[in-house]
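One file, target-v3.cif, is given below (mmCIF, C-alpha atoms).
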```
data_coords
loop_
_atom_site.group_PDB
_atom_site.id
_atom_site.type_symbol
_atom_site.label_atom_id
_atom_site.label_comp_id
_atom_site.auth_asym_id
_atom_site.auth_seq_id
_atom_site.Cartn_x
_atom_site.Cartn_y
_atom_site.Cartn_z
ATOM 1 C CA MET A 1 -11.006 26.548 -21.589
ATOM 2 C CA ILE A 2 -14.326 28.245 -22.067
ATOM 3 C CA ASP A 3 -16.309 25.478 -20.336
ATOM 4 C CA ASP A 4 -16.283 27.158 -16.914
ATOM 5 C CA ARG A 5 -17.543 30.436 -18.416
ATOM 6 C CA ILE A 6 -20.821 29.035 -19.763
ATOM 7 C CA LEU A 7 -23.634 30.961 -18.065
ATOM 8 C CA TYR A 8 -26.647 29.389 -19.788
ATOM 9 C CA GLU A 9 -27.269 26.672 -22.354
ATOM 10 C CA ASP A 10 -30.234 24.873 -23.869
ATOM 11 C CA ASN A 11 -31.052 23.420 -27.293
ATOM 12 C CA HIS A 12 -31.486 26.876 -28.833
ATOM 13 C CA LEU A 13 -29.162 29.285 -26.981
ATOM 14 C CA ILE A 14 -25.839 29.516 -25.221
ATOM 15 C CA ALA A 15 -24.497 32.440 -23.158
ATOM 16 C CA VAL A 16 -20.890 32.952 -22.094
ATOM 17 C CA ASN A 17 -19.058 35.277 -19.719
ATOM 18 C CA LYS A 18 -16.755 37.148 -22.117
ATOM 19 C CA LEU A 19 -13.343 38.219 -20.848
ATOM 20 C CA PRO A 20 -11.951 41.731 -21.375
ATOM 21 C CA GLY A 21 -9.996 41.841 -24.627
ATOM 22 C CA GLU A 22 -11.803 38.957 -26.334
ATOM 23 C CA LEU A 23 -13.284 39.546 -29.767
ATOM 24 C CA SER A 24 -16.993 38.849 -30.155
ATOM 25 C CA GLN A 25 -16.313 37.623 -33.692
ATOM 26 C CA GLY A 26 -13.397 37.590 -36.116
ATOM 27 C CA ASP A 27 -12.035 40.843 -37.517
ATOM 28 C CA LYS A 28 -9.119 42.082 -39.580
ATOM 29 C CA THR A 29 -6.661 41.332 -36.747
ATOM 30 C CA GLY A 30 -7.108 37.618 -37.319
ATOM 31 C CA ASP A 31 -7.212 37.010 -33.556
ATOM 32 C CA VAL A 32 -9.252 34.085 -32.257
ATOM 33 C CA SER A 33 -12.743 35.221 -31.260
ATOM 34 C CA ILE A 34 -15.114 33.983 -28.596
ATOM 35 C CA ILE A 35 -17.485 32.658 -31.265
ATOM 36 C CA ASP A 36 -14.661 30.356 -32.443
ATOM 37 C CA ASP A 37 -14.113 29.122 -28.894
ATOM 38 C CA VAL A 38 -17.829 28.458 -28.355
ATOM 39 C CA LYS A 39 -18.000 26.484 -31.608
ATOM 40 C CA ASP A 40 -15.054 24.376 -30.438
ATOM 41 C CA TYR A 41 -16.812 23.818 -27.101
ATOM 42 C CA LEU A 42 -19.989 22.632 -28.843
ATOM 43 C CA LYS A 43 -17.989 20.327 -31.122
ATOM 44 C CA ARG A 44 -16.334 18.718 -28.113
ATOM 45 C CA LYS A 45 -19.435 18.486 -25.954
ATOM 46 C CA TYR A 46 -21.719 17.020 -28.597
ATOM 47 C CA ASP A 47 -19.060 15.222 -30.666
ATOM 48 C CA LYS A 48 -20.055 17.104 -33.809
ATOM 49 C CA LYS A 49 -18.103 16.160 -36.925
ATOM 50 C CA GLY A 50 -18.943 18.960 -39.349
ATOM 51 C CA ASN A 51 -19.359 22.697 -39.056
ATOM 52 C CA VAL A 52 -21.183 24.053 -36.022
ATOM 53 C CA TYR A 53 -23.894 26.662 -36.578
ATOM 54 C CA LEU A 54 -23.689 29.585 -34.178
ATOM 55 C CA GLY A 55 -25.405 32.929 -34.664
ATOM 56 C CA LEU A 56 -24.531 36.198 -32.937
ATOM 57 C CA PRO A 57 -27.591 38.420 -32.344
ATOM 58 C CA HIS A 58 -25.597 41.149 -30.554
ATOM 59 C CA ARG A 59 -21.987 42.122 -29.852
ATOM 60 C CA LEU A 60 -19.822 43.416 -27.056
ATOM 61 C CA ASP A 61 -16.903 45.758 -27.664
ATOM 62 C CA ARG A 62 -13.573 43.960 -27.482
ATOM 63 C CA PRO A 63 -12.461 45.607 -24.190
ATOM 64 C CA THR A 64 -15.866 44.963 -22.540
ATOM 65 C CA SER A 65 -16.564 41.869 -20.437
ATOM 66 C CA GLY A 66 -19.712 40.025 -19.428
ATOM 67 C CA VAL A 67 -22.763 38.241 -20.832
ATOM 68 C CA ILE A 68 -22.715 37.546 -24.550
ATOM 69 C CA LEU A 69 -25.520 35.512 -26.095
ATOM 70 C CA PHE A 70 -25.386 33.140 -29.074
ATOM 71 C CA ALA A 71 -28.068 31.287 -31.028
ATOM 72 C CA LYS A 72 -27.631 27.607 -31.888
ATOM 73 C CA THR A 73 -30.313 27.605 -34.581
ATOM 74 C CA ASP A 74 -31.307 29.875 -37.428
ATOM 75 C CA LYS A 75 -34.828 30.203 -35.993
ATOM 76 C CA ALA A 76 -33.511 31.340 -32.615
ATOM 77 C CA LEU A 77 -31.121 33.809 -34.260
ATOM 78 C CA SER A 78 -33.825 35.368 -36.417
ATOM 79 C CA ARG A 79 -36.213 35.847 -33.501
ATOM 80 C CA LEU A 80 -33.560 37.091 -31.103
ATOM 81 C CA SER A 81 -32.181 39.555 -33.647
ATOM 82 C CA GLU A 82 -35.672 40.961 -34.060
ATOM 83 C CA SER A 83 -36.067 41.275 -30.285
ATOM 84 C CA PHE A 84 -32.796 43.200 -30.057
ATOM 85 C CA ARG A 85 -33.835 45.405 -32.981
ATOM 86 C CA LYS A 86 -37.171 46.240 -31.335
ATOM 87 C CA GLY A 87 -35.554 47.010 -27.969
ATOM 88 C CA GLU A 88 -37.312 44.106 -26.260
ATOM 89 C CA VAL A 89 -34.127 42.793 -24.635
ATOM 90 C CA ASP A 90 -33.300 44.300 -21.234
ATOM 91 C CA LYS A 91 -29.539 44.924 -20.923
ATOM 92 C CA SER A 92 -27.733 46.300 -17.896
ATOM 93 C CA TYR A 93 -24.049 46.973 -17.363
ATOM 94 C CA TYR A 94 -21.692 47.837 -14.549
ATOM 95 C CA ALA A 95 -19.268 50.680 -15.289
ATOM 96 C CA ILE A 96 -16.467 51.846 -13.018
ATOM 97 C CA VAL A 97 -15.834 55.541 -13.633
ATOM 98 C CA LEU A 98 -13.127 57.897 -12.444
ATOM 99 C CA GLU A 99 -15.372 60.801 -11.451
ATOM 100 C CA ARG A 100 -18.385 61.049 -9.166
ATOM 101 C CA PRO A 101 -21.493 61.797 -11.245
ATOM 102 C CA GLU A 102 -23.081 65.199 -10.745
ATOM 103 C CA LYS A 103 -26.360 63.339 -10.161
ATOM 104 C CA ASP A 104 -26.598 59.954 -8.437
ATOM 105 C CA SER A 105 -29.058 58.835 -11.115
ATOM 106 C CA ALA A 106 -30.036 60.227 -14.494
ATOM 107 C CA ARG A 107 -31.474 59.393 -17.890
ATOM 108 C CA LEU A 108 -29.213 60.504 -20.728
ATOM 109 C CA ILE A 109 -30.410 61.263 -24.245
ATOM 110 C CA ASN A 110 -27.811 61.967 -26.901
ATOM 111 C CA TYR A 111 -27.392 61.715 -30.640
ATOM 112 C CA LEU A 112 -24.416 59.649 -31.738
ATOM 113 C CA VAL A 113 -22.398 60.009 -34.920
ATOM 114 C CA ARG A 114 -20.048 57.154 -35.712
ATOM 115 C CA ASP A 115 -16.558 58.077 -36.851
ATOM 116 C CA GLU A 116 -15.493 55.032 -38.865
ATOM 117 C CA LYS A 117 -11.909 56.202 -39.315
ATOM 118 C CA ARG A 118 -11.231 56.520 -35.580
ATOM 119 C CA ASN A 119 -13.735 53.806 -34.594
ATOM 120 C CA ILE A 120 -15.497 55.996 -32.040
ATOM 121 C CA SER A 121 -18.972 57.469 -31.603
ATOM 122 C CA VAL A 122 -19.324 61.167 -30.826
ATOM 123 C CA SER A 123 -22.269 62.316 -28.675
ATOM 124 C CA TYR A 124 -24.258 65.444 -29.437
ATOM 125 C CA PRO A 125 -26.979 67.011 -27.262
ATOM 126 C CA ARG A 126 -29.352 67.366 -30.215
ATOM 127 C CA GLU A 127 -29.989 65.653 -33.524
ATOM 128 C CA VAL A 128 -27.358 66.292 -36.186
ATOM 129 C CA ARG A 129 -26.686 64.903 -39.634
ATOM 130 C CA ASN A 130 -26.218 61.106 -39.709
ATOM 131 C CA SER A 131 -26.883 60.817 -35.979
ATOM 132 C CA GLN A 132 -28.758 58.088 -34.122
ATOM 133 C CA LYS A 133 -30.702 58.665 -30.925
ATOM 134 C CA ALA A 134 -29.134 56.986 -27.890
ATOM 135 C CA VAL A 135 -30.818 56.621 -24.495
ATOM 136 C CA LEU A 136 -29.550 55.140 -21.252
ATOM 137 C CA SER A 137 -30.167 55.450 -17.523
ATOM 138 C CA TYR A 138 -27.599 55.080 -14.766
ATOM 139 C CA ARG A 139 -27.523 54.824 -10.962
ATOM 140 C CA LEU A 140 -24.552 55.307 -8.666
ATOM 141 C CA ILE A 141 -24.586 52.149 -6.550
ATOM 142 C CA ALA A 142 -21.174 52.029 -4.838
ATOM 143 C CA GLN A 143 -17.882 53.822 -4.479
ATOM 144 C CA SER A 144 -14.340 53.197 -3.259
ATOM 145 C CA ASP A 145 -11.648 55.666 -2.303
ATOM 146 C CA ARG A 146 -10.999 56.551 -5.951
ATOM 147 C CA TYR A 147 -13.694 55.006 -8.132
ATOM 148 C CA TYR A 148 -17.464 54.967 -8.612
ATOM 149 C CA LEU A 149 -19.636 52.046 -9.688
ATOM 150 C CA LEU A 150 -22.586 52.762 -11.967
ATOM 151 C CA ASP A 151 -25.452 50.452 -12.864
ATOM 152 C CA VAL A 152 -26.298 51.363 -16.479
ATOM 153 C CA ASN A 153 -29.460 50.315 -18.304
ATOM 154 C CA LEU A 154 -29.637 50.663 -22.078
ATOM 155 C CA GLU A 155 -32.804 51.694 -23.869
ATOM 156 C CA THR A 156 -31.094 51.653 -27.260
ATOM 157 C CA GLY A 157 -28.149 49.702 -28.615
ATOM 158 C CA ARG A 158 -25.693 51.975 -30.418
ATOM 159 C CA HIS A 159 -22.011 51.678 -31.261
ATOM 160 C CA HIS A 160 -19.942 52.480 -28.136
ATOM 161 C CA GLN A 161 -23.073 54.002 -26.620
ATOM 162 C CA ILE A 162 -22.231 53.787 -22.915
ATOM 163 C CA ARG A 163 -18.644 54.886 -23.419
ATOM 164 C CA SER A 164 -19.630 57.884 -25.534
ATOM 165 C CA GLN A 165 -22.646 59.035 -23.506
ATOM 166 C CA LEU A 166 -20.820 58.852 -20.175
ATOM 167 C CA LYS A 167 -17.919 60.816 -21.617
ATOM 168 C CA ALA A 168 -20.410 63.468 -22.754
ATOM 169 C CA VAL A 169 -21.357 64.119 -19.101
ATOM 170 C CA GLY A 170 -17.755 64.125 -17.884
ATOM 171 C CA LEU A 171 -17.538 60.496 -16.763
ATOM 172 C CA HIS A 172 -14.651 58.352 -17.982
ATOM 173 C CA ILE A 173 -14.641 54.566 -17.704
ATOM 174 C CA LYS A 174 -11.503 53.241 -16.036
ATOM 175 C CA GLY A 175 -9.005 52.069 -18.636
ATOM 176 C CA ASP A 176 -10.872 53.494 -21.630
ATOM 177 C CA LEU A 177 -8.131 55.475 -23.354
ATOM 178 C CA LYS A 178 -10.240 55.858 -26.497
ATOM 179 C CA TYR A 179 -12.805 57.885 -24.555
ATOM 180 C CA GLY A 180 -10.539 59.968 -22.359
ATOM 181 C CA ALA A 181 -9.254 57.825 -19.493
ATOM 182 C CA PRO A 182 -5.622 58.742 -18.665
ATOM 183 C CA ARG A 183 -4.330 55.167 -18.250
ATOM 184 C CA SER A 184 -5.084 51.729 -19.644
ATOM 185 C CA ASN A 185 -5.880 48.651 -17.557
ATOM 186 C CA ARG A 186 -3.272 45.925 -17.231
ATOM 187 C CA ASP A 187 -5.502 43.343 -18.928
ATOM 188 C CA GLY A 188 -6.094 45.596 -21.937
ATOM 189 C CA GLY A 189 -9.806 45.840 -21.178
ATOM 190 C CA ILE A 190 -11.959 48.598 -19.758
ATOM 191 C CA CYS A 191 -14.089 48.545 -16.605
ATOM 192 C CA LEU A 192 -17.373 48.027 -18.440
ATOM 193 C CA HIS A 193 -19.147 44.751 -17.714
ATOM 194 C CA SER A 194 -22.283 43.344 -19.321
ATOM 195 C CA ARG A 195 -23.832 42.334 -16.016
ATOM 196 C CA ARG A 196 -27.304 41.112 -16.926
ATOM 197 C CA ILE A 197 -29.465 40.312 -19.931
ATOM 198 C CA SER A 198 -33.175 39.522 -19.754
ATOM 199 C CA PHE A 199 -35.356 38.475 -22.681
ATOM 200 C CA LEU A 200 -38.269 36.352 -23.866
ATOM 201 C CA HIS A 201 -36.938 32.996 -24.986
ATOM 202 C CA PRO A 202 -37.319 32.870 -28.780
ATOM 203 C CA VAL A 203 -38.735 29.317 -28.783
ATOM 204 C CA ARG A 204 -40.069 28.469 -25.314
ATOM 205 C CA LYS A 205 -41.618 31.925 -24.837
ATOM 206 C CA GLU A 206 -40.477 32.115 -21.213
ATOM 207 C CA MET A 207 -38.520 34.955 -19.639
ATOM 208 C CA VAL A 208 -34.823 34.241 -19.265
ATOM 209 C CA GLU A 209 -32.432 36.240 -17.091
ATOM 210 C CA ILE A 210 -28.676 35.677 -17.276
ATOM 211 C CA ILE A 211 -26.199 37.311 -14.886
ATOM 212 C CA ALA A 212 -22.420 37.322 -15.311
ATOM 213 C CA PRO A 213 -20.027 37.303 -12.333
ATOM 214 C CA LEU A 214 -17.558 40.147 -12.172
ATOM 215 C CA PRO A 215 -14.046 39.869 -13.593
ATOM 216 C CA ASP A 216 -11.323 38.947 -11.112
ATOM 217 C CA SER A 217 -8.961 41.514 -12.601
ATOM 218 C CA ASP A 218 -8.260 45.152 -11.879
ATOM 219 C CA ILE A 219 -10.462 47.007 -9.371
ATOM 220 C CA TRP A 220 -13.554 44.779 -9.741
ATOM 221 C CA PRO A 221 -12.978 42.692 -6.578
ATOM 222 C CA VAL A 222 -13.400 45.865 -4.513
ATOM 223 C CA PHE A 223 -17.019 46.004 -5.661
ATOM 224 C CA LYS A 224 -17.713 42.261 -5.546
ATOM 225 C CA GLU A 225 -19.459 42.449 -2.168
ATOM 226 C CA ARG A 226 -21.997 44.912 -3.577
ATOM 227 C CA PHE A 227 -22.448 42.775 -6.666
ATOM 228 C CA ASP A 228 -23.140 39.651 -4.583
ATOM 229 C CA SER A 229 -25.723 41.529 -2.498
ATOM 230 C CA ASP A 230 -27.516 42.534 -5.707
ATOM 231 C CA LEU A 231 -27.792 38.867 -6.713
ATOM 232 C CA GLU A 232 -29.469 38.040 -3.385
ATOM 233 C CA LYS A 233 -32.247 40.598 -3.859
#
```
Turn this file's structure into structure tokens for me.
Amino acid sequence: MIDDRILYEDNHLIAVNKLPGELSQGDKTGDVSIIDDVKDYLKRKYDKKGNVYLGLPHRLDRPTSGVILFAKTDKALSRLSESFRKGEVDKSYYAIVLERPEKDSARLINYLVRDEKRNISVSYPREVRNSQKAVLSYRLIAQSDRYYLLDVNLETGRHHQIRSQLKAVGLHIKGDLKYGAPRSNRDGGICLHSRRISFLHPVRKEMVEIIAPLPDSDIWPVFKERFDSDLEK
């Protein structure tokens, strides 16, 4: 049931804590997506008889977990999509990487080229043909015996941006075989979590901040204490 993963809901929006391995929306695999599950939830909760409208203003990669936001109305979708396009939505992620960063904090600027055939994005240090500028900042906020927890803030929203840019500086996200990790995670996901999203509500014009709890799987519980302390700040 998706009911216990609802992070935020009002008349215009609904946000859910996506699990690793869940599709944001349907694809050629035919697997059930989280948008299907949210529609079913809304049908049950509000006893809707016909089709349920649900818009998706952004996406998370299938192996990524965390906050995913949906619009219940066309007006909310249109305004939210524009906010995402303009970079007005503040998005931060937690990433568990295998290597200690050379710098404890840095701002990375790369130019990404999407390889459709392999479904990856390749990072370049300078602009090349068909590239898109990608910018993120990270901070090292915790570490265990073998792993390092980064707080990553996106300034742009590109295909596989965090995964590609971190790889470009020698950092590999735990479980991310596609971008160089040596082993997969048992749950089929990667240790990249959409931790927080902050935005101006498209109708009420108030700031909204939504925070997703960490997954219970894999190495995440090791860092839960740090995560909880962040919430108290």
Calculated over all atoms listed in the file, which of the candidates A:Arg100, A:Lys117, A:Arg146, A:Lys91 has the smallest distance to His58 in chain A?
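Using all atoms listed in the file, the shortest distance to His58 in chain A belongs to A:Lys91.
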Residues in the PyMOL selection byres ((chain A and resi 180) around 12), expressed as a PyMOL selection string
chain A and resi 97-99+120+163-164+166-168+170-179+181-184+190
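The nearest approach to Arg79 in chain A among the residues A:Gly55, A:Gly188, A:Gly66, A:Pro213, with only C-alpha atoms taken into account, belongs to A:Gly55.
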Evaluated on this file, the PyMOL selection byres ((chain A and resi 15) around 7) picks out some residues - which ones are they, written as JSON, numbers by chain?
{"A": [6, 7, 8, 9, 13, 14, 16, 67, 68, 69, 70]}
For the file shown, what are the residues hit by the PyMOL selection byres ((chain A and resi 133-144) around 10), laid out as a PyMOL selection string?
chain A and resi 92-97+100-101+103-113+123-128+131-132+145-159+161-162+164-166+219+222-223+226-227
Report, in Å with one decimal, the straight-line distance from CA of Arg118 in chain A to CA of Val89 in chain A.
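CA of Val89 in chain A lies at a distance of 28.9 Å from CA of Arg118 in chain A.
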What are the centre and edge lengths in Å, to one decimal, of the axis-aligned box around all listed atoms of range 182-192 of chain A with 8 Å added on each side, as AutoDock Vina command-line options?
```
--center_x -10.3 --center_y 51.0 --center_z -19.3 --size_x 30.1 --size_y 31.4 --size_z 21.3
```
Just the number, please: distance in Å from CA of Pro221 in chain A to CA of Glu209 in chain A, one decimal.
23.0 Å
Gap from CA of Ser33 in chain A to CA of Arg5 in chain A - Å, one decimal
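Between CA of Ser33 in chain A and CA of Arg5 in chain A the gap is 14.5 Å.
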At a cut-off of 10 Å around the point (-13.5, 44.4, -26.3) (file coordinates), what residues fall inside when counting all atoms listed in the file? I'd like the answer as a list in words.
Lys18, Leu19, Pro20, Gly21, Glu22, Leu23, Ser24, Arg59, Leu60, Asp61, Arg62, Pro63, Thr64, Ser65, Gly188, Gly189, Ile190 and Leu192 of chain A
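Considering only C-alpha atoms, the residue among A:Lys72, A:Ile35, A:Ile210, A:Met1 positioned nearest to Ile197 in chain A is A:Ile210.
All polymer residues at most 7 Å from (-33.1, 27.3, -31.1), using only C-alpha atoms, appear as A:Asn11, A:His12, A:Leu13, A:Ala71, A:Lys72, A:Thr73, A:Lys75, A:Ala76, A:Val203.
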Since the input is missing atoms, can you rebuild N, CA and C atoms for range 113-141 of chain A and write them as a CSV table (one decimal), in the frame of the given file?
```csv
chain,number,residue,atom,x,y,z
A,113,VAL,N,-22.9,60.1,-33.6
A,113,VAL,CA,-22.4,60.0,-34.9
A,113,VAL,C,-21.2,59.1,-34.9
A,114,ARG,N,-21.2,58.1,-35.7
A,114,ARG,CA,-20.0,57.2,-35.7
A,114,ARG,C,-19.0,57.7,-36.6
A,115,ASP,N,-17.7,57.7,-36.1
A,115,ASP,CA,-16.6,58.1,-36.9
A,115,ASP,C,-15.8,56.8,-37.2
A,116,GLU,N,-16.0,56.3,-38.4
A,116,GLU,CA,-15.5,55.0,-38.9
A,116,GLU,C,-14.0,55.0,-38.8
A,117,LYS,N,-13.4,56.1,-39.2
A,117,LYS,CA,-11.9,56.2,-39.3
A,117,LYS,C,-11.3,56.0,-38.0
A,118,ARG,N,-11.8,56.6,-36.9
A,118,ARG,CA,-11.2,56.5,-35.6
A,118,ARG,C,-11.9,55.4,-34.7
A,119,ASN,N,-13.0,54.8,-35.3
A,119,ASN,CA,-13.7,53.8,-34.6
A,119,ASN,C,-14.2,54.3,-33.2
A,120,ILE,N,-14.9,55.5,-33.2
A,120,ILE,CA,-15.5,56.0,-32.0
A,120,ILE,C,-16.9,56.5,-32.4
A,121,SER,N,-17.7,56.8,-31.4
A,121,SER,CA,-19.0,57.5,-31.6
A,121,SER,C,-19.0,58.8,-30.8
A,122,VAL,N,-19.3,59.8,-31.5
A,122,VAL,CA,-19.3,61.2,-30.8
A,122,VAL,C,-20.8,61.5,-30.4
A,123,SER,N,-20.9,62.0,-29.2
A,123,SER,CA,-22.3,62.3,-28.7
A,123,SER,C,-22.6,63.8,-28.9
A,124,TYR,N,-23.8,64.1,-29.3
A,124,TYR,CA,-24.3,65.4,-29.4
A,124,TYR,C,-25.5,65.6,-28.6
A,125,PRO,N,-25.8,66.8,-28.1
A,125,PRO,CA,-27.0,67.0,-27.3
A,125,PRO,C,-28.3,67.1,-28.1
A,126,ARG,N,-28.2,67.3,-29.4
A,126,ARG,CA,-29.4,67.4,-30.2
A,126,ARG,C,-29.1,66.6,-31.5
A,127,GLU,N,-30.1,66.4,-32.3
A,127,GLU,CA,-30.0,65.7,-33.5
A,127,GLU,C,-29.1,66.4,-34.5
A,128,VAL,N,-28.2,65.7,-35.1
A,128,VAL,CA,-27.4,66.3,-36.2
A,128,VAL,C,-27.4,65.3,-37.4
A,129,ARG,N,-26.7,65.7,-38.4
A,129,ARG,CA,-26.7,64.9,-39.6
A,129,ARG,C,-26.0,63.5,-39.3
A,130,ASN,N,-26.7,62.5,-39.8
A,130,ASN,CA,-26.2,61.1,-39.7
A,130,ASN,C,-26.2,60.6,-38.3
A,131,SER,N,-26.9,61.2,-37.4
A,131,SER,CA,-26.9,60.8,-36.0
A,131,SER,C,-28.0,59.8,-35.7
A,132,GLN,N,-27.8,59.0,-34.6
A,132,GLN,CA,-28.8,58.1,-34.1
A,132,GLN,C,-29.1,58.4,-32.7
A,133,LYS,N,-30.3,58.4,-32.3
A,133,LYS,CA,-30.7,58.7,-30.9
A,133,LYS,C,-30.2,57.5,-30.0
A,134,ALA,N,-29.6,57.9,-28.9
A,134,ALA,CA,-29.1,57.0,-27.9
A,134,ALA,C,-29.7,57.4,-26.5
A,135,VAL,N,-30.2,56.4,-25.8
A,135,VAL,CA,-30.8,56.6,-24.5
A,135,VAL,C,-30.3,55.6,-23.5
A,136,LEU,N,-29.9,56.0,-22.3
A,136,LEU,CA,-29.6,55.1,-21.3
A,136,LEU,C,-29.9,55.8,-19.9
A,137,SER,N,-30.0,55.0,-18.9
A,137,SER,CA,-30.2,55.4,-17.5
A,137,SER,C,-29.1,54.9,-16.7
A,138,TYR,N,-28.6,55.6,-15.7
A,138,TYR,CA,-27.6,55.1,-14.8
A,138,TYR,C,-28.0,55.4,-13.3
A,139,ARG,N,-27.4,54.6,-12.4
A,139,ARG,CA,-27.5,54.8,-11.0
A,139,ARG,C,-26.1,54.6,-10.4
A,140,LEU,N,-25.8,55.5,-9.5
A,140,LEU,CA,-24.6,55.3,-8.7
A,140,LEU,C,-24.9,54.3,-7.5
A,141,ILE,N,-24.2,53.2,-7.5
A,141,ILE,CA,-24.6,52.1,-6.6
A,141,ILE,C,-23.5,51.8,-5.5
```
